[in-house]
file my_file_21.cif (mmCIF, C-alpha atoms and all ligand atoms)
data_query
#
loop_
_atom_site.label_atom_id
_atom_site.label_comp_id
_atom_site.auth_asym_id
_atom_site.auth_seq_id
_atom_site.Cartn_x
_atom_site.Cartn_y
_atom_site.Cartn_z
CA MET M 1 12.98 -0.93 21.90
CA ASN M 2 14.19 1.80 24.20
CA TYR M 3 15.39 5.07 22.71
CA GLU M 4 15.43 8.70 23.53
CA GLN M 5 12.83 10.77 21.71
CA ARG M 6 14.77 13.95 21.27
CA ASN M 7 12.75 15.52 18.48
CA PRO M 8 9.08 14.56 18.77
CA VAL M 9 7.07 14.34 15.55
CA PRO M 10 4.74 17.38 15.15
CA LEU M 11 1.05 16.65 15.74
CA PRO M 12 -1.61 17.32 13.10
CA ASP M 13 -3.89 20.13 14.40
CA GLY M 14 -2.10 19.74 17.74
CA GLN M 15 -3.95 16.46 18.37
CA ALA M 16 -2.15 13.38 19.63
CA PHE M 17 -5.13 11.05 19.12
CA GLN M 18 -7.66 11.00 16.29
CA SER M 19 -10.38 8.45 15.79
CA VAL M 20 -12.06 7.29 12.59
CA GLN M 21 -15.56 5.86 12.66
CA THR M 22 -15.82 2.52 10.90
CA THR M 23 -18.58 0.01 10.37
CA MET M 24 -17.54 -3.38 9.14
CA GLU M 25 -18.39 -7.01 9.42
CA THR M 26 -16.02 -9.21 11.35
CA VAL M 27 -16.07 -12.67 9.78
CA PHE M 28 -15.39 -16.09 11.35
CA ASP M 29 -14.18 -18.88 9.09
CA TRP M 30 -15.36 -22.08 10.79
CA GLU M 31 -14.21 -24.25 7.93
CA TYR M 32 -10.46 -23.56 8.29
CA ALA M 33 -10.14 -25.10 4.85
CA LEU M 34 -6.83 -23.40 3.92
CA LYS M 35 -7.49 -23.78 0.20
CA ARG M 36 -5.29 -20.94 -0.98
CA LYS M 37 -1.86 -22.51 -1.09
CA ASN M 38 -0.17 -19.41 -2.48
CA LEU M 39 -1.27 -17.40 0.58
CA LEU M 40 -0.06 -20.15 2.90
CA ALA M 41 3.32 -20.16 1.15
CA LEU M 42 3.52 -16.39 1.62
CA TYR M 43 2.63 -16.81 5.30
CA GLU M 44 5.50 -19.28 5.77
CA LYS M 45 7.85 -16.85 4.03
CA GLY M 46 6.67 -13.99 6.20
CA LYS M 47 7.25 -15.88 9.43
CA ALA M 48 10.73 -16.94 8.39
CA ALA M 49 11.70 -13.43 7.25
CA ALA M 50 10.77 -11.59 10.46
CA TRP M 51 13.56 -9.43 11.87
CA ASN M 52 14.09 -7.40 15.01
CA ALA M 53 14.42 -3.61 14.96
CA ASN M 54 17.09 -3.94 17.66
CA ASP M 55 19.31 -5.75 15.14
CA LEU M 56 19.97 -2.55 13.22
CA ASP M 57 23.13 -0.68 14.13
CA TRP M 58 21.61 2.32 15.92
CA SER M 59 25.06 3.54 16.93
CA ILE M 60 25.68 4.81 13.38
CA ASP M 61 26.21 8.56 13.37
CA VAL M 62 23.70 9.95 10.89
CA ASP M 63 24.73 13.34 9.57
CA ILE M 64 22.80 14.20 6.45
CA GLU M 65 24.06 17.77 6.49
CA ARG M 66 27.65 16.55 6.18
CA MET M 67 26.56 14.27 3.34
CA MET M 68 24.90 17.21 1.56
CA LYS M 69 28.02 19.35 2.01
CA GLN M 70 30.12 16.64 0.42
CA ARG M 71 27.72 16.66 -2.49
CA GLN M 72 27.96 20.40 -2.74
CA GLU M 73 31.72 20.29 -2.90
CA MET M 74 31.35 18.46 -6.16
CA GLY M 75 28.86 20.97 -7.52
CA MET M 76 25.44 19.66 -6.49
CA GLY M 77 24.07 23.17 -5.85
CA GLY M 78 24.73 24.35 -9.39
CA MET M 79 23.47 21.04 -10.74
CA LEU M 80 20.25 21.34 -8.75
CA ASN M 81 19.64 24.89 -9.92
CA GLN M 82 20.24 23.74 -13.47
CA VAL M 83 18.24 20.51 -13.53
CA LEU M 84 15.37 21.56 -11.28
CA ASN M 85 15.14 25.10 -12.60
CA PRO M 86 13.65 26.55 -9.38
CA PRO M 87 11.65 29.83 -9.40
CA ARG M 88 14.78 31.61 -8.18
CA THR M 89 18.42 30.57 -7.88
CA LEU M 90 19.03 28.84 -4.56
CA SER M 91 22.09 29.50 -2.42
CA ASP M 92 24.19 26.58 -1.17
CA GLU M 93 22.60 26.87 2.29
CA GLU M 94 19.11 26.82 0.80
CA VAL M 95 19.89 23.74 -1.29
CA ILE M 96 20.99 21.94 1.88
CA ALA M 97 17.95 23.09 3.87
CA LEU M 98 15.58 22.07 1.06
CA ASN M 99 17.18 18.64 0.80
CA LEU M 100 17.11 18.04 4.55
CA ASN M 101 13.48 19.04 4.76
CA MET M 102 12.32 17.07 1.72
CA ASN M 103 14.11 14.08 3.11
CA GLY M 104 12.50 14.51 6.56
CA PHE M 105 9.14 15.04 4.91
CA LEU M 106 9.33 11.86 2.81
CA LEU M 107 10.53 9.73 5.72
CA SER M 108 7.80 11.19 7.96
CA GLN M 109 5.12 10.27 5.45
CA PHE M 110 6.60 6.74 5.37
CA LEU M 111 6.15 6.65 9.16
CA HIS M 112 2.54 7.81 8.98
CA GLY M 113 1.79 5.44 6.11
CA GLU M 114 3.23 2.60 8.19
CA GLN M 115 0.86 3.43 11.05
CA GLY M 116 -1.99 3.41 8.52
CA ALA M 117 -0.81 -0.01 7.32
CA LEU M 118 -0.71 -1.30 10.89
CA LEU M 119 -4.35 -0.31 11.44
CA ALA M 120 -5.60 -1.34 7.98
CA THR M 121 -4.03 -4.77 8.21
CA ALA M 122 -5.51 -5.36 11.67
CA LYS M 123 -8.85 -4.57 10.00
CA ILE M 124 -8.15 -7.14 7.27
CA VAL M 125 -7.62 -9.81 9.94
CA GLN M 126 -11.20 -9.23 11.02
CA GLN M 127 -12.84 -8.62 7.66
CA VAL M 128 -11.35 -11.07 5.20
CA PRO M 129 -13.41 -14.27 5.00
CA TRP M 130 -10.58 -16.78 4.49
CA GLU M 131 -8.57 -18.24 7.35
CA GLU M 132 -5.25 -18.34 5.47
CA ALA M 133 -5.59 -14.65 4.61
CA LYS M 134 -6.23 -13.91 8.29
CA TYR M 135 -3.00 -15.75 9.15
CA TYR M 136 -0.99 -13.77 6.65
CA ALA M 137 -2.59 -10.45 7.62
CA ALA M 138 -1.77 -11.15 11.29
CA ASN M 139 1.84 -11.70 10.29
CA GLN M 140 1.78 -8.43 8.36
CA VAL M 141 0.42 -6.59 11.42
CA SER M 142 3.60 -7.43 13.32
CA ASP M 143 5.73 -6.36 10.31
CA GLU M 144 3.97 -2.98 10.30
CA ALA M 145 4.50 -2.43 14.03
CA ARG M 146 8.21 -2.96 13.41
CA HIS M 147 8.16 -0.52 10.49
CA VAL M 148 6.52 2.18 12.62
CA GLU M 149 9.14 1.49 15.27
CA VAL M 150 12.17 1.89 12.95
CA TYR M 151 10.95 4.97 11.09
CA HIS M 152 9.96 6.68 14.30
CA ARG M 153 13.30 5.99 15.91
CA TYR M 154 15.19 7.08 12.79
CA LEU M 155 13.28 10.35 12.54
CA THR M 156 13.36 11.35 16.20
CA GLU M 157 16.72 10.02 17.33
CA LYS M 158 18.81 10.27 14.16
CA LEU M 159 17.36 12.80 11.73
CA GLY M 160 15.77 15.36 14.03
CA ILE M 161 13.54 16.76 11.26
CA SER M 162 10.02 15.42 10.93
CA TYR M 163 6.60 16.42 9.71
CA GLU M 164 3.02 15.75 10.69
CA VAL M 165 0.90 13.61 8.37
CA HIS M 166 0.07 15.26 5.02
CA PRO M 167 -3.68 16.00 4.82
CA SER M 168 -4.04 14.00 1.57
CA LEU M 169 -2.37 10.95 3.07
CA LYS M 170 -4.57 11.30 6.17
CA GLN M 171 -7.64 11.54 3.95
CA LEU M 172 -6.67 8.40 2.04
CA LEU M 173 -5.94 6.46 5.25
CA ASP M 174 -9.30 7.57 6.69
CA ASP M 175 -11.06 6.46 3.49
CA ILE M 176 -9.39 3.05 3.68
CA LEU M 177 -10.07 2.55 7.38
CA SER M 178 -13.68 3.68 7.35
CA ASP M 179 -14.73 1.68 4.28
CA SER M 180 -16.92 -1.30 5.09
CA ARG M 181 -15.89 -3.41 2.05
CA TRP M 182 -13.04 -5.82 2.79
CA ASP M 183 -11.59 -5.72 -0.70
CA VAL M 184 -11.34 -1.91 -0.59
CA THR M 185 -9.13 -2.15 2.50
CA TYR M 186 -6.76 -4.34 0.47
CA LEU M 187 -7.08 -2.25 -2.67
CA GLY M 188 -6.31 0.97 -0.81
CA MET M 189 -3.53 -0.33 1.43
CA GLN M 190 -1.81 -3.28 -0.26
CA ILE M 191 -2.19 -2.16 -3.88
CA MET M 192 -2.14 1.65 -3.77
CA VAL M 193 -0.38 2.86 -0.58
CA GLU M 194 2.12 0.01 -0.29
CA GLY M 195 2.64 -0.15 -4.06
CA LEU M 196 3.68 3.51 -4.00
CA ALA M 197 5.80 3.06 -0.87
CA LEU M 198 7.72 0.21 -2.46
CA ALA M 199 8.77 2.43 -5.38
CA ALA M 200 9.51 5.35 -3.03
CA PHE M 201 11.78 3.16 -0.88
CA GLY M 202 13.73 2.24 -4.01
CA MET M 203 14.29 5.95 -4.70
CA MET M 204 15.24 6.64 -1.08
CA LYS M 205 18.00 4.06 -1.35
CA VAL M 206 19.52 5.89 -4.32
CA MET M 207 19.07 9.35 -2.79
CA MET M 208 20.75 8.35 0.48
CA ALA M 209 23.38 6.00 -0.92
CA ASN M 210 25.99 6.99 1.64
CA GLU M 211 23.95 6.58 4.80
CA PRO M 212 24.33 2.97 5.99
CA LEU M 213 21.57 3.01 8.61
CA VAL M 214 18.84 4.14 6.24
CA GLN M 215 20.17 1.67 3.65
CA ASP M 216 19.83 -1.25 6.05
CA LEU M 217 16.47 -0.08 7.36
CA THR M 218 15.05 0.49 3.88
CA SER M 219 16.26 -2.86 2.53
CA ARG M 220 14.59 -4.69 5.40
CA VAL M 221 11.33 -2.77 5.11
CA MET M 222 11.28 -3.18 1.30
CA ALA M 223 11.61 -6.95 1.55
CA ASP M 224 8.55 -7.00 3.83
CA GLU M 225 6.58 -4.59 1.64
CA ALA M 226 7.21 -6.67 -1.46
CA ARG M 227 5.42 -9.55 0.30
CA HIS M 228 2.60 -7.27 1.46
CA VAL M 229 1.89 -6.05 -2.05
CA ALA M 230 1.98 -9.65 -3.34
CA PHE M 231 -0.50 -10.54 -0.55
CA GLY M 232 -2.89 -7.92 -1.92
CA VAL M 233 -2.55 -9.08 -5.52
CA LEU M 234 -2.99 -12.78 -4.66
CA SER M 235 -6.00 -12.07 -2.42
CA LEU M 236 -7.83 -9.88 -4.92
CA GLU M 237 -6.98 -11.96 -7.99
CA GLY M 238 -10.13 -12.83 -9.95
CA LEU M 239 -12.44 -10.78 -7.72
CA TYR M 240 -12.86 -7.83 -10.09
CA THR M 241 -12.94 -9.86 -13.28
CA ARG M 242 -15.39 -12.56 -12.21
CA GLU M 243 -17.36 -11.69 -9.14
CA MET M 244 -18.46 -8.07 -9.36
CA SER M 245 -21.48 -6.36 -10.84
CA GLU M 246 -21.01 -3.34 -13.11
CA ARG M 247 -22.00 -0.98 -10.31
CA GLU M 248 -19.62 -2.56 -7.80
CA LEU M 249 -16.78 -2.39 -10.29
CA ARG M 250 -17.52 1.25 -10.99
CA GLU M 251 -17.20 2.04 -7.29
CA ARG M 252 -13.76 0.42 -7.24
CA GLU M 253 -12.72 2.44 -10.29
CA ASP M 254 -13.79 5.61 -8.48
CA PHE M 255 -11.77 4.57 -5.46
CA VAL M 256 -8.62 3.94 -7.52
CA ILE M 257 -8.89 7.29 -9.32
CA GLU M 258 -9.51 9.20 -6.08
CA ALA M 259 -6.64 7.43 -4.28
CA THR M 260 -4.31 8.25 -7.19
CA HIS M 261 -5.12 11.96 -6.94
CA LEU M 262 -4.65 11.99 -3.16
CA MET M 263 -1.28 10.28 -3.44
CA ARG M 264 -0.07 12.74 -6.05
CA GLU M 265 -1.09 15.72 -3.93
CA ARG M 266 0.90 14.47 -1.02
CA LEU M 267 4.00 14.42 -3.21
CA LEU M 268 3.72 18.16 -3.81
CA MET M 269 5.03 18.61 -0.24
CA HIS M 270 3.46 22.01 0.53
CA GLN M 271 4.35 21.58 4.22
CA VAL M 272 8.06 21.74 3.31
CA PHE M 273 7.66 25.14 1.66
CA ASP M 274 5.55 26.40 4.56
CA ARG M 275 8.27 25.46 7.01
CA MET M 276 11.01 26.99 4.86
CA GLY M 277 8.97 30.21 4.75
CA TRP M 278 8.75 30.01 0.96
CA GLU M 279 5.47 30.97 -0.75
CA ARG M 280 3.39 27.88 -1.39
CA GLU M 281 1.70 29.60 -4.38
CA ILE M 282 5.06 29.77 -6.17
CA TRP M 283 6.76 26.56 -5.11
CA VAL M 284 3.89 24.07 -5.37
CA PRO M 285 3.24 24.93 -9.06
CA TRP M 286 6.98 24.54 -9.62
CA MET M 287 6.81 21.05 -8.07
CA MET M 288 3.94 20.25 -10.41
CA GLU M 289 5.65 21.45 -13.56
CA THR M 290 9.35 20.80 -13.27
CA PRO M 291 10.12 17.73 -15.43
CA PHE M 292 12.39 16.09 -12.87
CA MET M 293 9.72 16.15 -10.17
CA GLN M 294 7.08 15.02 -12.64
CA GLY M 295 9.28 12.06 -13.53
CA PHE M 296 9.82 11.32 -9.84
CA ARG M 297 6.09 11.30 -9.13
CA GLN M 298 5.27 9.15 -12.15
CA MET M 299 7.92 6.63 -11.26
CA LEU M 300 6.22 6.05 -7.93
CA PHE M 301 3.34 4.46 -9.82
CA SER M 302 5.55 1.98 -11.65
CA LYS M 303 4.35 -0.98 -9.60
CA ILE M 304 0.76 0.12 -9.04
CA VAL M 305 -0.11 0.20 -12.75
CA PRO M 306 0.90 -3.41 -13.63
CA ASN M 307 -0.78 -4.65 -10.43
CA LEU M 308 -4.04 -2.89 -11.30
CA LYS M 309 -3.79 -4.40 -14.75
CA ARG M 310 -3.36 -7.90 -13.36
CA LEU M 311 -6.44 -7.41 -11.16
CA GLY M 312 -8.53 -6.26 -14.12
CA LEU M 313 -8.82 -2.72 -12.77
CA LEU M 314 -7.07 -0.97 -15.63
CA THR M 315 -10.54 -0.52 -17.11
CA PRO M 316 -11.33 2.08 -19.81
CA ARG M 317 -12.29 4.65 -17.15
CA VAL M 318 -9.14 4.14 -15.08
CA ARG M 319 -7.08 4.12 -18.27
CA ARG M 320 -8.49 7.51 -19.27
CA ALA M 321 -7.56 8.98 -15.87
CA TYR M 322 -4.10 7.42 -16.01
CA GLU M 323 -3.51 8.54 -19.57
CA GLN M 324 -3.96 12.16 -18.46
CA LEU M 325 -1.31 11.64 -15.79
CA ASP M 326 0.97 9.85 -18.27
CA LEU M 327 1.02 6.73 -16.09
CA LEU M 328 0.17 4.16 -18.75
CA ARG M 329 3.85 3.96 -19.66
CA TYR M 330 4.14 1.39 -16.84
CA GLU M 331 1.35 -0.92 -17.95
CA HIS M 332 3.68 -3.44 -19.56
CA GLY M 333 5.92 -3.66 -16.49
CA LYS M 334 6.01 -6.79 -14.36
CA ASP M 335 3.43 -7.07 -11.60
CA SER M 336 4.27 -7.96 -7.99
CA VAL M 337 3.65 -11.67 -8.43
CA GLU M 338 5.87 -11.95 -11.52
CA ASP M 339 8.54 -9.73 -9.99
CA PRO M 340 8.25 -8.52 -6.39
CA GLU M 341 11.34 -6.30 -6.64
CA VAL M 342 11.16 -2.65 -7.58
CA ALA M 343 14.09 -1.07 -9.34
CA PRO M 344 13.77 2.67 -10.01
CA PRO M 345 13.71 3.44 -13.77
CA GLN M 346 17.18 3.78 -15.25
CA GLU M 347 16.75 7.34 -16.55
CA LEU M 348 15.89 8.61 -13.06
CA VAL M 349 18.75 6.75 -11.44
CA ALA M 350 21.09 8.28 -14.03
CA LEU M 351 19.83 11.76 -13.18
CA LEU M 352 20.06 11.21 -9.43
CA MET M 353 23.61 9.94 -9.81
CA ASN M 354 24.63 13.44 -10.90
CA PHE M 355 23.82 14.70 -7.43
CA LEU M 356 25.80 12.07 -5.57
CA SER M 357 29.42 12.35 -4.50
CA ALA M 358 31.96 9.86 -5.90
CA GLU M 359 32.00 8.07 -2.54
CA GLU M 360 28.25 7.68 -2.58
CA ARG M 361 28.21 6.40 -6.12
CA ALA M 362 30.74 3.78 -5.13
CA ALA M 363 28.48 2.73 -2.23
CA LEU M 364 25.59 1.90 -4.56
CA PRO M 365 25.08 -1.76 -5.45
FE FE M 401 5.16 -1.38 6.23
FE FE M 402 3.37 -3.11 4.50
#

call {"tool": "encode", "arguments": {"input": "my_file_21.cif", "output": "structure tokens"}}
result
Amino acid sequence: MNYEQRNPVPLPDGQAFQSVQTTMETVFDWEYALKRKNLLALYEKGKAAAWNANDLDWSIDVDIERMMKQRQEMGMGGMLNQVLNPPRTLSDEEVIALNLNMNGFLLSQFLHGEQGALLATAKIVQQVPWEEAKYYAANQVSDEARHVEVYHRYLTEKLGISYEVHPSLKQLLDDILSDSRWDVTYLGMQIMVEGLALAAFGMMKVMMANEPLVQDLTSRVMADEARHVAFGVLSLEGLYTREMSERELREREDFVIEATHLMRERLLMHQVFDRMGWEREIWVPWMMETPFMQGFRQMLFSKIVPNLKRLGLLTPRVRRAYEQLDLLRYEHGKDSVEDPEVAPPQELVALLMNFLSAEERAALP
């Protein structure tokens, strides 16, 4: 894909390249037994569903500012001040700037997460013992390269606002990539990071209802991610309930709890406030406490919780941690094998609808 990089993504600590030390075992499977039919079926699906980033209509004129102004004309600014109850009343210009930056921030973290997925899945190809899982993971590697491609192009060519990787996301990706245990690569990437991304993509589609390019891009990426999360669930099924010692299981619980905290921190978006020149000490606590943002963050765990439950990882310790974060409300939801789709919870969609213009509401499915 050939495109002009007009607005390069900022570099973390000014560094273009960063390496992570990893020690792992690369495993041959000389048996080629292909016993796991569900993984083979997923592999066939993945091959058939591949798409080309060039197929998207890159000629679409993306103008989020215009979209925000349309929203403002129907009173979004007042609505935002009312619902989000910010530390001080925001002017119309500030509401637009905040929206543009939050949007650029979220899409940038999608980009960085996609690069993490590209590397983590390449690692799974080497680490996982079963041939059919290697096949599927190889197929996922090419999906992830495509995802990096489309988000990068969208951010640099179309949006023009982007952010470097959030330190908590970088920490989590480093943890996943440097861990020597093959199942932890899956647990971190397919269950936690991709589980959260799947829910976040669903929200992005509602928030940017009137932008056809991001709609098309997100729908395509979501369809791939739904398979990736299912790949994780199918691969890890039975492992934690039958094959692990108490100590090994405890280590996985620790990993899940730590990953959950890192993912929540990233959603506090301190980099956005830094760039706006707003005091982090005031705005980050607001992000933590305002009910709308709390609901938004919780919703992002709506797929992770049922998947952890299916894998037997919603253990008493994890439950205690999740209870404190009020995440157990999702435990009776459908997991990614029963239902690969992710629809954002109705109450949040209803709230978001208030911010959309009539035209945008009509554009929603
Ligand atoms: Fe992806
Ligand atoms: Fe993925």

call {"tool": "atom_distance", "arguments": {"input": "my_file_21.cif", "atom1": "atom CA of Leu159 of chain M", "atom2": "atom CA of Ile64 of chain M"}}
result
7.7 Å

call {"tool": "residues_near_ligand", "arguments": {"input": "my_file_21.cif", "ligand": "ligand FE 402 (chain M)", "cutoff": "7 Å", "atoms": "only C-alpha atoms and all ligand atoms", "output": "PDB file with C-alpha atoms, in the coordinates of the input"}}
result
ATOM      1  CA  GLU M 114       3.230   2.600   8.190  1.00  0.00           C
ATOM      2  CA  ALA M 117      -0.810  -0.010   7.320  1.00  0.00           C
ATOM      3  CA  GLN M 140       1.780  -8.430   8.360  1.00  0.00           C
ATOM      4  CA  GLU M 144       3.970  -2.980  10.300  1.00  0.00           C
ATOM      5  CA  GLU M 194       2.120   0.010  -0.290  1.00  0.00           C
ATOM      6  CA  ASP M 224       8.550  -7.000   3.830  1.00  0.00           C
ATOM      7  CA  GLU M 225       6.580  -4.590   1.640  1.00  0.00           C
ATOM      8  CA  HIS M 228       2.600  -7.270   1.460  1.00  0.00           C
TER       9      HIS M 228
END

call {"tool": "residues_around", "arguments": {"input": "my_file_21.cif", "residues": "Thr315 of chain M", "least_positions_apart": "2", "cutoff": "12 Å", "atoms": "only C-alpha atoms", "output": "mmCIF file with C-alpha atoms, keeping the file's coordinate frame"}}
result
data_model
loop_
_atom_site.group_PDB
_atom_site.id
_atom_site.type_symbol
_atom_site.label_atom_id
_atom_site.label_comp_id
_atom_site.auth_asym_id
_atom_site.auth_seq_id
_atom_site.Cartn_x
_atom_site.Cartn_y
_atom_site.Cartn_z
ATOM 1 C CA TYR M 240 -12.860 -7.830 -10.090
ATOM 2 C CA THR M 241 -12.940 -9.860 -13.280
ATOM 3 C CA GLU M 246 -21.010 -3.340 -13.110
ATOM 4 C CA LEU M 249 -16.780 -2.390 -10.290
ATOM 5 C CA ARG M 250 -17.520 1.250 -10.990
ATOM 6 C CA ARG M 252 -13.760 0.420 -7.240
ATOM 7 C CA GLU M 253 -12.720 2.440 -10.290
ATOM 8 C CA ASP M 254 -13.790 5.610 -8.480
ATOM 9 C CA VAL M 256 -8.620 3.940 -7.520
ATOM 10 C CA ILE M 257 -8.890 7.290 -9.320
ATOM 11 C CA VAL M 305 -0.110 0.200 -12.750
ATOM 12 C CA LEU M 308 -4.040 -2.890 -11.300
ATOM 13 C CA LYS M 309 -3.790 -4.400 -14.750
ATOM 14 C CA ARG M 310 -3.360 -7.900 -13.360
ATOM 15 C CA LEU M 311 -6.440 -7.410 -11.160
ATOM 16 C CA GLY M 312 -8.530 -6.260 -14.120
ATOM 17 C CA LEU M 313 -8.820 -2.720 -12.770
ATOM 18 C CA ARG M 317 -12.290 4.650 -17.150
ATOM 19 C CA VAL M 318 -9.140 4.140 -15.080
ATOM 20 C CA ARG M 319 -7.080 4.120 -18.270
ATOM 21 C CA ARG M 320 -8.490 7.510 -19.270
ATOM 22 C CA ALA M 321 -7.560 8.980 -15.870
ATOM 23 C CA TYR M 322 -4.100 7.420 -16.010
ATOM 24 C CA GLU M 323 -3.510 8.540 -19.570
ATOM 25 C CA LEU M 328 0.170 4.160 -18.750
ATOM 26 C CA GLU M 331 1.350 -0.920 -17.950
#

call {"tool": "closest_residue", "arguments": {"input": "my_file_21.cif", "among": "M:Val95, M:Leu268, M:Met353, M:Val20", "to": "Asp174 of chain M", "atoms": "only C-alpha atoms"}}
result
M:Val20

call {"tool": "residues_around", "arguments": {"input": "my_file_21.cif", "residues": "Glu25 of chain M", "least_positions_apart": "4", "cutoff": "9 Å", "atoms": "all atoms listed in the file", "output": "list in words"}}
result
Gln126, Gln127, Ser180, Arg181 and Trp182 of chain M

call {"tool": "residues_near_point", "arguments": {"input": "my_file_21.cif", "point": "(20.3, 1.2, 10.7)", "cutoff": "10 Å", "atoms": "only C-alpha atoms", "output": "PyMOL selection string"}}
result
chain M and resi 53-62+150+153-154+158+211-220

call {"tool": "closest_residue", "arguments": {"input": "my_file_21.cif", "among": "M:Lys303, M:Met68, M:Glu289, M:Pro316", "to": "Asn85 of chain M", "atoms": "all atoms listed in the file"}}
result
M:Glu289

call {"tool": "closest_residue", "arguments": {"input": "my_file_21.cif", "among": "M:Gln72, M:Ser302, M:Thr260, M:Ser245", "to": "Tyr330 of chain M", "atoms": "all atoms listed in the file"}}
result
M:Ser302

call {"tool": "residues_around", "arguments": {"input": "my_file_21.cif", "residues": "Phe301 of chain M", "least_positions_apart": "4", "cutoff": "12 Å", "atoms": "only C-alpha atoms", "output": "PDB file with C-alpha atoms, keeping the file's coordinate frame"}}
result
ATOM      1  CA  ILE M 191      -2.190  -2.160  -3.880  1.00  0.00           C
ATOM      2  CA  MET M 192      -2.140   1.650  -3.770  1.00  0.00           C
ATOM      3  CA  VAL M 193      -0.380   2.860  -0.580  1.00  0.00           C
ATOM      4  CA  GLU M 194       2.120   0.010  -0.290  1.00  0.00           C
ATOM      5  CA  GLY M 195       2.640  -0.150  -4.060  1.00  0.00           C
ATOM      6  CA  LEU M 196       3.680   3.510  -4.000  1.00  0.00           C
ATOM      7  CA  ALA M 197       5.800   3.060  -0.870  1.00  0.00           C
ATOM      8  CA  LEU M 198       7.720   0.210  -2.460  1.00  0.00           C
ATOM      9  CA  ALA M 199       8.770   2.430  -5.380  1.00  0.00           C
ATOM     10  CA  ALA M 200       9.510   5.350  -3.030  1.00  0.00           C
ATOM     11  CA  ALA M 259      -6.640   7.430  -4.280  1.00  0.00           C
ATOM     12  CA  THR M 260      -4.310   8.250  -7.190  1.00  0.00           C
ATOM     13  CA  HIS M 261      -5.120  11.960  -6.940  1.00  0.00           C
ATOM     14  CA  MET M 263      -1.280  10.280  -3.440  1.00  0.00           C
ATOM     15  CA  ARG M 264      -0.070  12.740  -6.050  1.00  0.00           C
ATOM     16  CA  LEU M 267       4.000  14.420  -3.210  1.00  0.00           C
ATOM     17  CA  GLN M 294       7.080  15.020 -12.640  1.00  0.00           C
ATOM     18  CA  GLY M 295       9.280  12.060 -13.530  1.00  0.00           C
ATOM     19  CA  PHE M 296       9.820  11.320  -9.840  1.00  0.00           C
ATOM     20  CA  ARG M 297       6.090  11.300  -9.130  1.00  0.00           C
ATOM     21  CA  VAL M 305      -0.110   0.200 -12.750  1.00  0.00           C
ATOM     22  CA  PRO M 306       0.900  -3.410 -13.630  1.00  0.00           C
ATOM     23  CA  ASN M 307      -0.780  -4.650 -10.430  1.00  0.00           C
ATOM     24  CA  LEU M 308      -4.040  -2.890 -11.300  1.00  0.00           C
ATOM     25  CA  TYR M 322      -4.100   7.420 -16.010  1.00  0.00           C
ATOM     26  CA  LEU M 325      -1.310  11.640 -15.790  1.00  0.00           C
ATOM     27  CA  ASP M 326       0.970   9.850 -18.270  1.00  0.00           C
ATOM     28  CA  LEU M 327       1.020   6.730 -16.090  1.00  0.00           C
ATOM     29  CA  LEU M 328       0.170   4.160 -18.750  1.00  0.00           C
ATOM     30  CA  ARG M 329       3.850   3.960 -19.660  1.00  0.00           C
ATOM     31  CA  TYR M 330       4.140   1.390 -16.840  1.00  0.00           C
ATOM     32  CA  GLU M 331       1.350  -0.920 -17.950  1.00  0.00           C
ATOM     33  CA  GLY M 333       5.920  -3.660 -16.490  1.00  0.00           C
ATOM     34  CA  ASP M 335       3.430  -7.070 -11.600  1.00  0.00           C
ATOM     35  CA  VAL M 342      11.160  -2.650  -7.580  1.00  0.00           C
ATOM     36  CA  PRO M 344      13.770   2.670 -10.010  1.00  0.00           C
ATOM     37  CA  PRO M 345      13.710   3.440 -13.770  1.00  0.00           C
TER      38      PRO M 345
END

call {"tool": "atom_distance", "arguments": {"input": "my_file_21.cif", "atom1": "atom CA of Ser162 of chain M", "atom2": "atom CA of Pro10 of chain M"}}
result
7.0 Å

call {"tool": "build_atoms", "arguments": {"input": "my_file_21.cif", "residues": "segment 129-134 of chain M", "atoms": "N, CA, C and O atoms", "output": "mmCIF file, in the frame of the given file"}}
result
data_model
loop_
_atom_site.group_PDB
_atom_site.id
_atom_site.type_symbol
_atom_site.label_atom_id
_atom_site.label_comp_id
_atom_site.auth_asym_id
_atom_site.auth_seq_id
_atom_site.Cartn_x
_atom_site.Cartn_y
_atom_site.Cartn_z
ATOM 1 N N PRO M 129 -12.718 -13.033 4.643
ATOM 2 C CA PRO M 129 -13.410 -14.270 5.000
ATOM 3 C C PRO M 129 -12.514 -15.503 5.150
ATOM 4 O O PRO M 129 -12.881 -16.426 5.868
ATOM 5 N N TRP M 130 -11.355 -15.534 4.516
ATOM 6 C CA TRP M 130 -10.580 -16.780 4.490
ATOM 7 C C TRP M 130 -9.530 -16.859 5.589
ATOM 8 O O TRP M 130 -8.749 -15.949 5.798
ATOM 9 N N GLU M 131 -9.485 -18.026 6.228
ATOM 10 C CA GLU M 131 -8.570 -18.240 7.350
ATOM 11 C C GLU M 131 -7.099 -17.981 6.989
ATOM 12 O O GLU M 131 -6.362 -17.351 7.742
ATOM 13 N N GLU M 132 -6.676 -18.476 5.816
ATOM 14 C CA GLU M 132 -5.250 -18.340 5.470
ATOM 15 C C GLU M 132 -4.879 -16.878 5.251
ATOM 16 O O GLU M 132 -3.750 -16.465 5.527
ATOM 17 N N ALA M 133 -5.863 -16.082 4.772
ATOM 18 C CA ALA M 133 -5.590 -14.650 4.610
ATOM 19 C C ALA M 133 -5.523 -13.974 5.984
ATOM 20 O O ALA M 133 -4.740 -13.050 6.194
ATOM 21 N N LYS M 134 -6.308 -14.447 6.925
ATOM 22 C CA LYS M 134 -6.230 -13.910 8.290
ATOM 23 C C LYS M 134 -4.844 -14.200 8.879
ATOM 24 O O LYS M 134 -4.240 -13.352 9.528
#
